[in-house]
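Q: Could you have a look at this structure, given as structure tokens, before my questions?
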Amino acid sequence: MPSARRFRTASFAAALLLLGVALSAVAAVMDWQERHEAAFSHPYDNAQWLVFQGAYETFRLHDALDAHEAAANADDIILRHEIFQSRVIALQNSAVGKLLASDAEAAALLSGIAARAALIDGRVQPGDLADPALREALAAELAGVIALFNRTAMRAIHIAAYMRTRDLVALRTSQTMVSDIFLVAAASALGLFAIVTVQLRRIDEERARAEAASKTKSAFLATMSHELRTPLNGVIGTLDLLADDAMPQASRARVAIARRSADLLLAIIGDVLDMAKLEEGRVTIDRVVFPLARVVEEVRETFAAIAAIRGVGLSVNLAPEADAWFKGDPVRLRQILSNLVSNALKFTEAGSVTVTAQVTDAGDAARLTLSVADTGIGIPAAALARLGRRFEQADATIARRYGGTGLGLAIVRALAEAMGGGLAIASTEGKGSEITVTCLLVRAEAPAQREPPLPAVPAGILVLLAEDNAVNQITATAMIERFGARVDVAVNGAEAVRRAATQCYDMILMDMQMPELDGIEATRAIRAGHSASARSPIVALTASAFTEDVERCRAAGMDGYLTKPLRKRALAEVLATVAPPRAGRDAA
Amino acid sequence: MMLTRRAAIAAAAAIVATPHASAEASLPQPTGPVVLTLGGNVRATNAAGAARFDRAMLDALPQTGFVTGSPWTDKPVRFDGISGAALVDAVGAHGREATATALNDYKVTIPFTDFAAGGLLVASRIDGEVLPIRARGPLWIVYPFDINQRFRAELFYARSIWQLRSIVFSG
């Protein structure tokens with residue numbers, strides 16, 4: 001992308017400039033410091049002090065020579081002379097002396113002083129100092145030296161002023177350069193900032209565009225799914241009605257196939273709709289108080305029959321701390337667990353499926369870990385990474401053999417993530433899989449008002465279940481037996497009529513759609529004869545609860561109806577209407 | 001005259017009144033020309049309230065030295081002489097500060113800690129050569145400028161008195 005390359009070039013150039021400027025700034029600051037130190041540490045003040053000291057010691061030597069008792073103080077004259085010579089040497093050899101020597105006039109003055117000092121040095125001999133003429137001559141020379149020192153002092157003032165001004169100008173130039181460099185540094189930093197800001201804004205805009213496009217796609221999917229579902233519901237409803245009609249066995253089988261296909265299509269559309277909603281972020285997670293055990297139990301009940309038919313064990317391990325009330329979304333949890341169990345059963349041909357629910361602390365919240373382990377075909381290691389993405393199954397042959405869109409796990413993952421958790425898959429090919437889902441819940445107190453208890457079902461009643469569908473037979477039998485009743489099963493209407501003739505049942509549950517003899521006809525037959533169960537209450541099991549169907553049931557002699565799938569509470573309410581078993585019923 | 005005599009009596013009384021001062025007042029008399037006089041708060045003396053040293057007496061004290069550059073030398077040189085600590089030990093000097101005076105009457109005040117805590121050197125030789133008056137001798141207070149950066153400052157340059165003649169401890 002040209003703009004990206006331009007950005008890189010520009011930011012690289014700006015960074016390089018900044019680096020260069022920073023290095024220049026360091027160099028400039030060091031130069032400035034050096035000049036600053038030079039300006040304040042040059043020995044200009046010392047120059048005048050040294051010149052003064054020279055003049056002063058010349059005076060003192062002059063005084064000593066001039067004294068009346070000069071003869072007596074020869075030692076003093078020698079000492080003063082040595083000090084005088086040391087001052088002349090110090091002035092010449094010092095940094096100050098070298099500085100002064102750089103000025104032609106001062107240099108001439110200094111060499112004049114040095115020449116006279118050398119002359120005096122040659123003539124000061126301890127033995128000769130008593131000679132007044134020598135002392136006179138030396139004093140005259142010293143007077144000349146004093147005059148030279150005086151002129152040197154004046155020249156030193158001039159030189160110091162000149163040097164100081166030169167240093168000051170250099171210092172100011174250096175300072176200006178430092179501030180200029182800092183200005184350039186600030187400007188390039190600002191430039192770099194501007195470039196980065198512009199580029200970050202562009203990245204934000206691109207991200208927003210991409211998100212908007214993704215949302216549009218998801219919204220389209222959601223709409224399409226909804227539009228597909230409406231006519232499909234029409235198809236399913238019509239097939240249900242068609243199944244109630246009398247028709248040849250072959251046609252009934254075809255209707256059943258059509259119905260199963262429609263159910264599958266409906267499930268797929270549901271998955272697509274769910275996924276679209278999840279991607280759009282339209283799924284909201286409920287926060288209601290619920291018992292976790294009920295969710296797990298409901299899923300187990302739903303799949304118990306299928307597992308039994310397939311000969312696969314389905315067991316649930318609910319850890320003690322998980323058997324409590326939580327605040328969360330039980331509907332979504334049920335969806336997750338159903339998906340996982342359904343998947344596990346689909347891919348397991350023998351062995352077992354085990355559901356485990358555990359709860360651990362996660363700060364203020366509780367972390368729920370749901371795992372579903374199976375002994376199924378497993379997943380090849382290479383395919384593990386792709387799983388849980390949309391439309392991905394382990395491999396294409398699996399899709400052909402087992403069906404499915406691969407949306408299931410993606411939905412589970414998205415739901416778990418929406419609930420603050422995630423999904424993990426562990427699998428060994430050929431040995432089985434374990435899928436673990438975590439999510440965050442909040443611990444809750446069991447609500448004060450519980451659901452009203454289920455109505456009491458009289459103990460030991462005998463029920464006839466007329467049902468042709470094997471799954472429904474097992475589900476319903478299990479539910480009825482849980483209430484302490486015994487169950488006989490008739491696989492079609494004709495068998496129901498036969499059994500009712502010899503056995504007096506406390507209740508007959510009659511499926512409406514059965515081959516050979518449907519529920520209505522079977523009921524009529526039982527009521528018409530003098531069979532043992534001619535007066536037993538007969539309750540219809542029906543998928544549809546349209547008024548006309550209910551009327552047909554009553555007309556045929558039924559006492560009530562239950563809609564499928566069977567609900568525990570509704571079943572209990574119906575069974576509770578049965579009078580306690582009469583003694584000696586079997587003899588009647 | 002009166003004043004001088006009274007001062008002498010006071011000094012004598014002070015020496016008698018201070019037992020440990022008299023016990024330490026065992027400095028020998030200088031035999032050669034006096035090059036350094038220590039006065040003020042000194043316990044060992046060989047004159048009225050003062051300790052006077054000739055060159056031989058100074059050379060008899062513990063010697064030390066270091067190599068350093070300085071503002072007054074073109075290149076690093078070796079300074080040898082008596083450390084400030086050895087000097088104050090030799091005479092039992094004490095106080096808070098010392099006033100050093102040069103042959104030309106230049107005076108500078110040096111904190112006593114400069115002597116006691118190290119660094120300060122009363123140099124009598126450069127590169128092994130005795131210092132004449134013309135070469136800033138006979139004694140020159142210097143610091144190890146190159147060894148410790150804190151000495152490379154105007155304050156210590158000003159304390160580096162040359163042609164040192166006397167030190168008076170006070171405070």
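Residue names in the structure tokens use chain letters A, B, ... in the order shown, residue numbers from 1 in each chain, and ligand numbers from 1 in the order shown.
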Counting only C-alpha atoms, which residues from chain B have an atom at most 8 Å from any atom of chain A, and could you show them as a VMD selection string?

A: chain B and resid 72 103 to 104 133 to 136

Q: If you run DSSP on this backbone, which residues of region 301-484 of chain A come out as strand (DSSP E), and could you give them as an MDAnalysis selection string?

A: chainID A and resid 312:318 325:328 351:362 365:374 422:428 432:443 462:466

Q: Can you list every residue of region 96-137 of chain B that has an atom at most 12 Å from region 74-80 of chain B, with its nearest atom pair and the distance in Å to one decimal, using only C-alpha atoms, ordered by chain then number, as a tab-separated table?

A:
residue	atom	partner	partner_atom	distance
B:Leu120	CA	B:Phe79	CA	11.2
B:Leu121	CA	B:Asp80	CA	7.9
B:Val122	CA	B:Asp80	CA	8.0
B:Ala123	CA	B:Asp80	CA	5.2
B:Ser124	CA	B:Asp80	CA	6.1
B:Arg125	CA	B:Asp80	CA	5.2
B:Ile126	CA	B:Phe79	CA	4.8
B:Asp127	CA	B:Arg78	CA	4.8
B:Gly128	CA	B:Asp80	CA	7.2
B:Glu129	CA	B:Asp80	CA	9.3
B:Val130	CA	B:Asp80	CA	9.5
B:Leu131	CA	B:Phe79	CA	10.4

Q: Expressed in Å to a single decimal, how great is the separation between CA of Val51 (chain A) and CA of Ala153 (chain A)?

A: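 A separation of 5.9 Å between them.
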
Q: Provide the CA of Val497 (chain A) to CA of Leu239 (chain A) distance in Å, to one decimal place.

A: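 Computing the Euclidean distance for CA of Val497 (chain A) and CA of Leu239 (chain A) yields 26.8 Å.
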
Q: Could you pull the residues within 12 Å of Asp286 (chain A), counting only C-alpha atoms, minus those fewer than 3 positions along the same chain, as an NGL selection string?

A: :A and (283 or 289-290 or 326-333 or 415 or 418-419 or 441-442)

Q: If DSSP is run on the backbone, what residues of region 46-103 of chain A are helix (DSSP H, G or I)? A reply as a ChimeraX atom specification would be ideal.

A: /A:46-66,74-93,95-101
